[in-house]
Amino acid sequence: MTTTWDPHVESRRMDQAYLDEQNEWRAPEAYVRFWSKFMEEEGVEGSYLSLQHGKKKNKTGALAMMLPHDTAFRELLLQNPDGEDAMIPITSDTAGDRWSGKVDRVALLRDKDGTETIEVSALCDWNHIATTCLFASPGAPLYAQLPRHDIKIGPTASNVISWISTNVYRQQNGSVFPIAVVPIDTAKDTSKWSGGSARFDMASPFIDKMLEEAGLALTAEMFLPEEDEQPAPEWFWLEVPTIVIKCVDKSNVTGPTGTAIDGLISWFEDLLDDGTTPVRYPNFDAEFDYEGDQAYGKIGPLGTKTALPWVWYFQDEFDGIGESEIAIHKPMASDIYVGGRSPSYVNAAIEIGIKNMLSWLGLLIGVPGLDSLYRGQLDDVFFAFDVGIDQGRVQRSGPYRWRDQFITGSEKAFTIDGQMAKRQGIHDTRGYTSHRITVYDNAPYIIGVHLDTADQIGFQLGELIFTDFVTEKLFTDTRTVAATWELTIGDGAADEDPVVKGWGRMGELANIVSILSKDVGMEADFFGLF
């Protein structure tokens, strides 16, 4: 028996399905549990007075919870047999998400009317990454660290996972317990290339800039075997509660090959980027499929494609946008000075010239050895400083503008590093517009379903259009505020000059070569160019 398809019935069914989904995720409840130091469940805390916890992009998130004085976990928190050293894991499960971490502070509070409460604060499991020390040679004994540096060049995701995994497994004597790191197939790793040299650096901030520039999200989540699907069955099988560290590419960049070569192509595109390529935004007024998927993004000069976000927020009565800040920053200087020392080849040329002249003069007047009179008196005199002036800024700002700014970052003005420092100084002191907004859950996108931390989001405020990463998501549940999620998009920071960013990658490679040359007994100064 066949039935006739009724578009009105189907429309009502889909509308109802949408409402059911919205209701399912509206005002999510938190399922808070305390655990023993061996991740054995102590019980559920359902009587909290307030709860707030957040996850940040590539940073350690925090939890704050207020409990009544007679909570069932008073003894666990305040009279733990392990005393101040007691490590107390805590998890908070909401629809589509789990916050996991360790209690780092417990306070017994008493107000003036005698009411007692217990304040609990905790740090999320990302702190395991931040507190990992990257050895020079993780596989070697501590007292014999050879090679002297852990140098890696290649796709950023593979580099980061390699640094983290080798040092985590060093801590655990090769075991995947209590922390497991999901490996990456380097041949298929399309993340942007980078390079670095670790020698007893803390993982954060060592990897922070690499993750940011490559658009990567490094996560640390608690896996519970009886509740969760295996996080990486193709690599390992977990049977006990385990913290799983994983690196995810959130850059929205795809390349022509689908291999590690794509990341190298992106690296070269950074060198070619002069900052003048117009930013492409979608046509919101289009009444048809927007020009096809191939045009929905920015095409790089070497064939990569940076896709636009598919989640967009608009400023209207039902937009879901909460607090927002669009700040106009005025220029702080127009004349940017750099330097302090002359390039080595300039000092060398002056020394050779003057000593030769003195030697010839000595021979001429019969007083040999006059060349010893020159002992570098003219070192760092010529071409030791340089100035960069933004003439357009001078015209726009007028005669009463702020003038001078000396930029640190390179001691030599007429080297590549010095010129890049000058350019970055001109860029940093410019006038610019920054953005930072918050959006609410279920308006209309559902946090944890349609978007999450580190995803790229687009939003329109008036005539201004921005795209940026979700830098933080925050869950709040109190006696006066219904349980809800809130996202923070952007951090209000200024962008880095694209040319400086590209040359910064060259500087990373130069630094690695310099380190290698020192390790083998030779020092490479690149003829004073850097």
# chains A, B, ... in the order shown; residues from 1 in each chain; ligands from 1
$ residues_around --residues "stretch 92-101 of chain A" --least-positions-apart "6" --cutoff "6 Å" --atoms "only C-alpha atoms" --output "JSON, numbers by chain"
{"A": [29, 30, 31, 32, 123, 124, 125, 448]}
$ residues_around --residues "A:Leu51" --least-positions-apart "3" --cutoff "8 Å" --atoms "only C-alpha atoms" --output "count of residues only"
9
$ closest_residue --among "A:Trp485, A:Phe177, A:Arg479, A:Ser410" --to "A:Leu49" --atoms "only C-alpha atoms"
A:Arg479
$ closest_atom_pairs --of "stretch 146-224 of chain A" --to "stretch 242-250 of chain A" --cutoff "7 Å" --atoms "only C-alpha atoms" --output "JSON lines"
{"residue": "A:Ala157", "atom": "CA", "partner": "A:Cys247", "partner_atom": "CA", "distance": 6.4}
{"residue": "A:Phe177", "atom": "CA", "partner": "A:Thr242", "partner_atom": "CA", "distance": 6.3}
{"residue": "A:Pro178", "atom": "CA", "partner": "A:Thr242", "partner_atom": "CA", "distance": 5.1}
{"residue": "A:Ile179", "atom": "CA", "partner": "A:Ile243", "partner_atom": "CA", "distance": 4.7}
{"residue": "A:Ala180", "atom": "CA", "partner": "A:Val244", "partner_atom": "CA", "distance": 4.9}
{"residue": "A:Val181", "atom": "CA", "partner": "A:Ile245", "partner_atom": "CA", "distance": 4.7}
{"residue": "A:Val182", "atom": "CA", "partner": "A:Lys246", "partner_atom": "CA", "distance": 5.4}
{"residue": "A:Ser191", "atom": "CA", "partner": "A:Asp249", "partner_atom": "CA", "distance": 6.7}
{"residue": "A:Gly215", "atom": "CA", "partner": "A:Lys250", "partner_atom": "CA", "distance": 5.4}
{"residue": "A:Leu216", "atom": "CA", "partner": "A:Asp249", "partner_atom": "CA", "distance": 4.6}
{"residue": "A:Ala217", "atom": "CA", "partner": "A:Val248", "partner_atom": "CA", "distance": 5.2}
{"residue": "A:Leu218", "atom": "CA", "partner": "A:Cys247", "partner_atom": "CA", "distance": 4.4}
{"residue": "A:Thr219", "atom": "CA", "partner": "A:Lys246", "partner_atom": "CA", "distance": 5.3}
{"residue": "A:Ala220", "atom": "CA", "partner": "A:Ile245", "partner_atom": "CA", "distance": 4.4}
{"residue": "A:Glu221", "atom": "CA", "partner": "A:Val244", "partner_atom": "CA", "distance": 5.3}
{"residue": "A:Met222", "atom": "CA", "partner": "A:Ile243", "partner_atom": "CA", "distance": 4.4}
{"residue": "A:Phe223", "atom": "CA", "partner": "A:Thr242", "partner_atom": "CA", "distance": 5.2}
{"residue": "A:Leu224", "atom": "CA", "partner": "A:Thr242", "partner_atom": "CA", "distance": 7.0}
$ closest_residue --among "A:Ala72, A:Leu474, A:Val481, A:Val367" --to "A:Tyr440" --atoms "only C-alpha atoms"
A:Leu474
$ atom_distance --atom1 "atom CA of A:Ser397" --atom2 "atom CA of A:Thr429"
12.6 Å
$ residues_around --residues "A:Asn347" --least-positions-apart "4" --cutoff "8 Å" --atoms "only C-alpha atoms" --output "ChimeraX atom specification"
/A:342-343,351,378-380
$ residues_around --residues "A:Pro331" --least-positions-apart "2" --cutoff "7 Å" --atoms "only C-alpha atoms" --output "MDAnalysis selection string"
chainID A and resid 329 333 429:431
$ select_by_dssp --residues "stretch 345-447 of chain A" --states "strand (DSSP E or B)" --output "ChimeraX atom specification"
/A:385-389,404-406,412,432-440,447
$ atom_distance --atom1 "atom CA of A:Asp185" --atom2 "atom CA of A:Gly255"
16.5 Å
$ atom_distance --atom1 "atom CA of A:Arg393" --atom2 "atom CA of A:Ser334"
6.5 Å
$ residues_around --residues "A:Glu116" --least-positions-apart "4" --cutoff "12 Å" --atoms "only C-alpha atoms" --output "ChimeraX atom specification"
/A:66-71,74,107-112
$ select_by_dssp --residues "stretch 258-469 of chain A" --states "helix (DSSP H, G or I)" --output "NGL selection string"
:A and (260-272 or 293-295 or 344-365 or 370-373 or 391-397 or 416-428)
$ closest_residue --among "A:Phe414, A:Trp163, A:Trp402, A:Trp235" --to "A:Ser204" --atoms "only C-alpha atoms"
A:Trp163
